[in-house]
Every structure is written in structure tokens, then in C-alpha cells.
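One file, run-v4.cif, is given below (mmCIF, N, CA and C atoms).
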```cif
data_query
loop_
_atom_site.label_atom_id
_atom_site.label_comp_id
_atom_site.auth_asym_id
_atom_site.auth_seq_id
_atom_site.Cartn_x
_atom_site.Cartn_y
_atom_site.Cartn_z
N MET A 38 -23.59 -50.69 -134.03
CA MET A 38 -23.25 -49.28 -134.06
C MET A 38 -22.83 -48.87 -135.46
N ILE A 39 -23.43 -47.82 -135.94
CA ILE A 39 -23.05 -47.29 -137.25
C ILE A 39 -21.78 -46.48 -137.15
N VAL A 40 -21.65 -45.71 -136.08
CA VAL A 40 -20.50 -44.83 -135.88
C VAL A 40 -19.63 -45.41 -134.78
N THR A 41 -18.35 -45.55 -135.06
CA THR A 41 -17.41 -46.02 -134.05
C THR A 41 -16.91 -44.84 -133.23
N LEU A 42 -16.34 -45.15 -132.09
CA LEU A 42 -15.77 -44.10 -131.24
C LEU A 42 -14.68 -43.34 -132.00
N ASN A 43 -13.83 -44.06 -132.72
CA ASN A 43 -12.75 -43.39 -133.46
C ASN A 43 -13.28 -42.48 -134.55
N GLU A 44 -14.34 -42.91 -135.26
CA GLU A 44 -14.94 -42.05 -136.29
C GLU A 44 -15.51 -40.78 -135.67
N ALA A 45 -16.20 -40.94 -134.56
CA ALA A 45 -16.80 -39.79 -133.89
C ALA A 45 -15.73 -38.83 -133.40
N LYS A 46 -14.68 -39.36 -132.79
CA LYS A 46 -13.60 -38.50 -132.30
C LYS A 46 -12.91 -37.77 -133.44
N LYS A 47 -12.72 -38.45 -134.55
CA LYS A 47 -12.11 -37.80 -135.71
C LYS A 47 -13.03 -36.69 -136.23
N TYR A 48 -14.32 -36.96 -136.33
CA TYR A 48 -15.30 -35.98 -136.80
C TYR A 48 -15.35 -34.77 -135.87
N LEU A 49 -15.26 -35.04 -134.56
CA LEU A 49 -15.30 -33.98 -133.56
C LEU A 49 -13.95 -33.28 -133.38
N ARG A 50 -12.92 -33.86 -133.96
CA ARG A 50 -11.54 -33.37 -133.80
C ARG A 50 -11.11 -33.40 -132.34
N VAL A 51 -11.44 -34.51 -131.70
CA VAL A 51 -11.04 -34.74 -130.31
C VAL A 51 -9.88 -35.72 -130.34
N ASP A 52 -8.73 -35.30 -129.79
CA ASP A 52 -7.56 -36.17 -129.83
C ASP A 52 -7.12 -36.66 -128.46
N HIS A 53 -8.00 -36.56 -127.47
CA HIS A 53 -7.69 -37.06 -126.13
C HIS A 53 -8.76 -38.08 -125.74
N ASP A 54 -8.48 -38.82 -124.69
CA ASP A 54 -9.39 -39.89 -124.25
C ASP A 54 -10.30 -39.47 -123.10
N ASP A 55 -10.21 -38.24 -122.66
CA ASP A 55 -10.97 -37.79 -121.50
C ASP A 55 -12.48 -37.88 -121.69
N ASP A 56 -12.96 -37.65 -122.89
CA ASP A 56 -14.40 -37.62 -123.16
C ASP A 56 -14.93 -38.89 -123.81
N ASP A 57 -14.15 -39.95 -123.81
CA ASP A 57 -14.57 -41.18 -124.50
C ASP A 57 -15.91 -41.71 -124.01
N SER A 58 -16.11 -41.73 -122.71
CA SER A 58 -17.37 -42.30 -122.19
C SER A 58 -18.57 -41.45 -122.61
N ILE A 59 -18.43 -40.14 -122.56
CA ILE A 59 -19.56 -39.29 -122.97
C ILE A 59 -19.79 -39.40 -124.47
N ILE A 60 -18.73 -39.51 -125.26
CA ILE A 60 -18.89 -39.64 -126.71
C ILE A 60 -19.59 -40.95 -127.05
N ARG A 61 -19.26 -42.02 -126.34
CA ARG A 61 -19.96 -43.31 -126.56
C ARG A 61 -21.46 -43.17 -126.28
N LYS A 62 -21.81 -42.48 -125.20
CA LYS A 62 -23.21 -42.26 -124.87
C LYS A 62 -23.90 -41.40 -125.92
N LEU A 63 -23.19 -40.39 -126.41
CA LEU A 63 -23.76 -39.52 -127.44
C LEU A 63 -23.97 -40.29 -128.75
N ILE A 64 -23.07 -41.21 -129.07
CA ILE A 64 -23.23 -42.04 -130.26
C ILE A 64 -24.52 -42.86 -130.14
N HIS A 65 -24.70 -43.48 -128.99
CA HIS A 65 -25.90 -44.29 -128.76
C HIS A 65 -27.16 -43.42 -128.88
N THR A 66 -27.14 -42.25 -128.27
CA THR A 66 -28.28 -41.34 -128.32
C THR A 66 -28.54 -40.88 -129.76
N ALA A 67 -27.47 -40.53 -130.48
CA ALA A 67 -27.60 -40.06 -131.86
C ALA A 67 -28.20 -41.14 -132.75
N GLU A 68 -27.75 -42.36 -132.60
CA GLU A 68 -28.28 -43.45 -133.42
C GLU A 68 -29.74 -43.73 -133.07
N SER A 69 -30.10 -43.63 -131.81
CA SER A 69 -31.51 -43.79 -131.43
C SER A 69 -32.37 -42.68 -132.02
N LEU A 70 -31.88 -41.46 -131.99
CA LEU A 70 -32.61 -40.34 -132.60
C LEU A 70 -32.79 -40.55 -134.10
N CYS A 71 -31.76 -41.06 -134.76
CA CYS A 71 -31.87 -41.32 -136.20
C CYS A 71 -32.91 -42.40 -136.48
N GLU A 72 -32.91 -43.46 -135.67
CA GLU A 72 -33.91 -44.52 -135.84
C GLU A 72 -35.32 -43.98 -135.65
N GLU A 73 -35.49 -43.16 -134.62
CA GLU A 73 -36.82 -42.58 -134.36
C GLU A 73 -37.23 -41.65 -135.50
N THR A 74 -36.29 -40.89 -136.01
CA THR A 74 -36.58 -39.96 -137.10
C THR A 74 -36.90 -40.72 -138.38
N LEU A 75 -36.16 -41.79 -138.64
CA LEU A 75 -36.39 -42.60 -139.83
C LEU A 75 -37.64 -43.46 -139.71
N ARG A 76 -38.02 -43.73 -138.46
CA ARG A 76 -39.13 -44.63 -138.17
C ARG A 76 -38.83 -46.06 -138.59
N LYS A 77 -37.54 -46.39 -138.53
CA LYS A 77 -37.10 -47.76 -138.81
C LYS A 77 -35.70 -47.94 -138.25
N ALA A 78 -35.24 -49.18 -138.20
CA ALA A 78 -33.90 -49.44 -137.70
C ALA A 78 -32.87 -48.85 -138.65
N VAL A 79 -31.84 -48.26 -138.08
CA VAL A 79 -30.79 -47.64 -138.88
C VAL A 79 -29.98 -48.73 -139.56
N GLU A 80 -29.78 -48.57 -140.85
CA GLU A 80 -28.95 -49.49 -141.62
C GLU A 80 -27.64 -48.78 -141.92
N PRO A 81 -26.59 -49.52 -142.17
CA PRO A 81 -25.30 -48.86 -142.44
C PRO A 81 -25.25 -48.20 -143.82
N LEU A 82 -26.03 -47.14 -143.98
CA LEU A 82 -26.01 -46.36 -145.21
C LEU A 82 -25.23 -45.08 -144.97
N PRO A 83 -24.54 -44.57 -145.98
CA PRO A 83 -23.74 -43.36 -145.78
C PRO A 83 -24.54 -42.18 -145.21
N ILE A 84 -25.77 -41.98 -145.68
CA ILE A 84 -26.54 -40.84 -145.18
C ILE A 84 -26.86 -41.00 -143.71
N ASN A 85 -27.08 -42.23 -143.27
CA ASN A 85 -27.35 -42.45 -141.86
C ASN A 85 -26.12 -42.16 -141.02
N LYS A 86 -24.94 -42.47 -141.53
CA LYS A 86 -23.71 -42.19 -140.81
C LYS A 86 -23.53 -40.67 -140.70
N VAL A 87 -23.81 -39.97 -141.77
CA VAL A 87 -23.71 -38.51 -141.74
C VAL A 87 -24.66 -37.93 -140.71
N ALA A 88 -25.90 -38.41 -140.71
CA ALA A 88 -26.89 -37.92 -139.75
C ALA A 88 -26.46 -38.23 -138.32
N ALA A 89 -25.96 -39.44 -138.09
CA ALA A 89 -25.52 -39.82 -136.75
C ALA A 89 -24.34 -38.97 -136.31
N LEU A 90 -23.38 -38.74 -137.20
CA LEU A 90 -22.24 -37.89 -136.85
C LEU A 90 -22.67 -36.46 -136.58
N PHE A 91 -23.61 -35.96 -137.38
CA PHE A 91 -24.14 -34.62 -137.15
C PHE A 91 -24.76 -34.54 -135.76
N ALA A 92 -25.57 -35.54 -135.41
CA ALA A 92 -26.23 -35.54 -134.11
C ALA A 92 -25.22 -35.63 -132.97
N VAL A 93 -24.20 -36.47 -133.12
CA VAL A 93 -23.16 -36.57 -132.10
C VAL A 93 -22.48 -35.22 -131.91
N ALA A 94 -22.13 -34.58 -133.03
CA ALA A 94 -21.46 -33.28 -132.96
C ALA A 94 -22.35 -32.24 -132.29
N TYR A 95 -23.62 -32.22 -132.67
CA TYR A 95 -24.55 -31.25 -132.07
C TYR A 95 -24.64 -31.47 -130.56
N LEU A 96 -24.84 -32.72 -130.16
CA LEU A 96 -24.98 -33.03 -128.74
C LEU A 96 -23.70 -32.74 -127.98
N TYR A 97 -22.55 -33.01 -128.60
CA TYR A 97 -21.26 -32.75 -127.95
C TYR A 97 -21.02 -31.26 -127.77
N GLU A 98 -21.31 -30.50 -128.79
CA GLU A 98 -21.08 -29.05 -128.75
C GLU A 98 -22.08 -28.33 -127.86
N HIS A 99 -23.27 -28.88 -127.71
CA HIS A 99 -24.33 -28.25 -126.92
C HIS A 99 -24.66 -29.08 -125.68
N ARG A 100 -23.65 -29.63 -125.04
CA ARG A 100 -23.88 -30.49 -123.88
C ARG A 100 -24.70 -29.82 -122.79
N GLU A 101 -24.50 -28.55 -122.61
CA GLU A 101 -25.17 -27.82 -121.53
C GLU A 101 -26.58 -27.37 -121.90
N ASN A 102 -26.82 -27.12 -123.21
CA ASN A 102 -28.09 -26.50 -123.60
C ASN A 102 -28.60 -27.01 -124.95
N ALA A 103 -28.60 -28.31 -125.14
CA ALA A 103 -29.06 -28.87 -126.41
C ALA A 103 -30.55 -28.63 -126.61
N ASP A 104 -30.89 -28.16 -127.78
CA ASP A 104 -32.30 -27.95 -128.16
C ASP A 104 -32.71 -29.17 -128.97
N MET A 105 -33.40 -30.10 -128.32
CA MET A 105 -33.73 -31.36 -128.97
C MET A 105 -34.73 -31.17 -130.11
N ASP A 106 -35.57 -30.15 -130.02
CA ASP A 106 -36.50 -29.87 -131.13
C ASP A 106 -35.72 -29.44 -132.37
N GLU A 107 -34.74 -28.59 -132.18
CA GLU A 107 -33.91 -28.15 -133.31
C GLU A 107 -33.14 -29.32 -133.91
N LEU A 108 -32.56 -30.16 -133.06
CA LEU A 108 -31.81 -31.32 -133.54
C LEU A 108 -32.71 -32.27 -134.31
N THR A 109 -33.88 -32.55 -133.77
CA THR A 109 -34.83 -33.45 -134.44
C THR A 109 -35.25 -32.88 -135.79
N ARG A 110 -35.49 -31.58 -135.84
CA ARG A 110 -35.86 -30.93 -137.09
C ARG A 110 -34.74 -31.06 -138.14
N MET A 111 -33.51 -30.85 -137.71
CA MET A 111 -32.37 -30.98 -138.63
C MET A 111 -32.21 -32.43 -139.11
N LEU A 112 -32.40 -33.39 -138.21
CA LEU A 112 -32.32 -34.80 -138.62
C LEU A 112 -33.42 -35.15 -139.62
N ARG A 113 -34.59 -34.57 -139.45
CA ARG A 113 -35.66 -34.80 -140.43
C ARG A 113 -35.26 -34.30 -141.81
N TYR A 114 -34.60 -33.15 -141.87
CA TYR A 114 -34.13 -32.62 -143.15
C TYR A 114 -33.06 -33.53 -143.75
N ILE A 115 -32.11 -33.96 -142.93
CA ILE A 115 -31.01 -34.80 -143.42
C ILE A 115 -31.52 -36.15 -143.89
N LEU A 116 -32.49 -36.71 -143.18
CA LEU A 116 -32.97 -38.07 -143.45
C LEU A 116 -34.28 -38.10 -144.23
N ALA A 117 -34.70 -36.97 -144.78
CA ALA A 117 -36.01 -36.87 -145.43
C ALA A 117 -36.23 -37.93 -146.51
N THR A 118 -35.24 -38.21 -147.33
CA THR A 118 -35.44 -39.16 -148.43
C THR A 118 -35.53 -40.61 -147.96
N GLU A 119 -35.02 -40.88 -146.76
CA GLU A 119 -35.02 -42.24 -146.22
C GLU A 119 -36.15 -42.49 -145.23
N ARG A 120 -36.84 -41.44 -144.82
CA ARG A 120 -37.82 -41.53 -143.74
C ARG A 120 -39.08 -42.25 -144.18
N GLU A 121 -39.55 -43.16 -143.32
CA GLU A 121 -40.82 -43.85 -143.57
C GLU A 121 -41.96 -42.87 -143.36
N VAL A 122 -43.02 -43.02 -144.13
CA VAL A 122 -44.16 -42.11 -144.03
C VAL A 122 -44.88 -42.28 -142.70
N ALA A 123 -45.06 -43.50 -142.25
CA ALA A 123 -45.74 -43.76 -140.98
C ALA A 123 -45.20 -45.05 -140.40
N PHE A 124 -45.48 -45.26 -139.10
CA PHE A 124 -45.04 -46.50 -138.45
C PHE A 124 -45.80 -47.68 -138.95
#
```
Entire entry expressed as C-alpha cells:
Amino acid sequence: MIVTLNEAKKYLRVDHDDDDSIIRKLIHTAESLCEETLRKAVEPLPINKVAALFAVAYLYEHRENADMDELTRMLRYILATEREVAF
């Protein structure tokens, strides 16, 4: 895991434990989205952590109506310099 639960909670400004299980799932989903966007396994690089935290925050804030196309597009912009050209 690139992002820990504590890092995500700090980034989200969540100071209670009620949402820990959902945040853990969102971290996993965010890291998978970053890997798919990069077209390679995520390495512990600062930009990848930023992208993963951004994705966690987006998914957390839009739990009811997340637009995955918009999120994927934003991740492509964030990860553009690290993205592989093809599989």
C-alpha cells in the first residue's frame, strides 16, 4: 500500500474511526485506478501518493455519485509524466 489509513484520514480531515473500513476500501480502489492509469505497478513515488490521495478524496466525497470517467481523466492528467505509452 502506498497510502496508509492514517495518511488518508489526515488528508480527508477525518478524525473518527467510523469510516475506517470504507476508507481502506477506497485506498485499495484508488491504488488500483492509479496502476491502471499508469499501465504499470504503482511504485512509492511522491506523485503516485498524490494521485492515490486525490482518488481517495474524490471517491470519499462522491460516494453516492462518483463519475469514474471524470476521476480517470483527472488521474491521467496527474500521472501523465509517469504513464506508460502502451501495455
Original post:
Pick from A:Ala67, A:Glu119, A:Met105, A:Leu75: nearest to Ala89 in chain A, with only C-alpha atoms counted?
Top reply: A:Ala67
Original post:
So which residues get picked by the PyMOL selection byres ((chain A and resi 107-118) around 8) here, written as a list of chain:residue names?
Top reply: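 What the PyMOL selection byres ((chain A and resi 107-118) around 8) grabs from the file is A:Leu70, A:Cys71, A:Thr74, A:Leu75, A:Ile84, A:Asn85, A:Val87, A:Ala88, A:Ala89, A:Ala92, A:Tyr95, A:Leu96, A:Ala103, A:Asp104, A:Met105, A:Asp106, A:Glu119, A:Arg120, A:Glu121.
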**OP:** One decimal, Å: what's the distance from CA of Pro81 in chain A over to CA of Asp52 in chain A, could you say?
**Re:** 25.2 Å
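Between CA of Leu63 in chain A and atom C of Val93 in chain A lies a distance of 6.3 Å.
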Subject >> d(CA of Leu82 in chain A, CA of His53 in chain A) in Å >> reply: 28.0 Å
**OP:** Rank nothing, just name the residue among A:Val122, A:Ile64, A:Ile59, A:Val51 nearest to Lys86 in chain A, using only C-alpha atoms.
**Re:** A:Ile64
**OP:** Choose the residue, out of A:Glu73, A:Glu68, A:Asp54, A:Glu101, that has the smallest atom-to-atom separation from Met38 in chain A; count only N, CA and C atoms.
**Re:** A:Glu68
**OP:** Determine which residues of chain A DSSP labels as helix (DSSP H, G or I) from the backbone of this structure, then write them out as a PyMOL selection string.
**Re:** chain A and resi 42-49+57-75+83-98+105-115
**OP:** Determine the nearest neighbour of Arg61 in chain A from the options A:Leu49, A:Ala94, A:Thr41, A:Lys77, counting only C-alpha atoms.
**Re:** A:Thr41
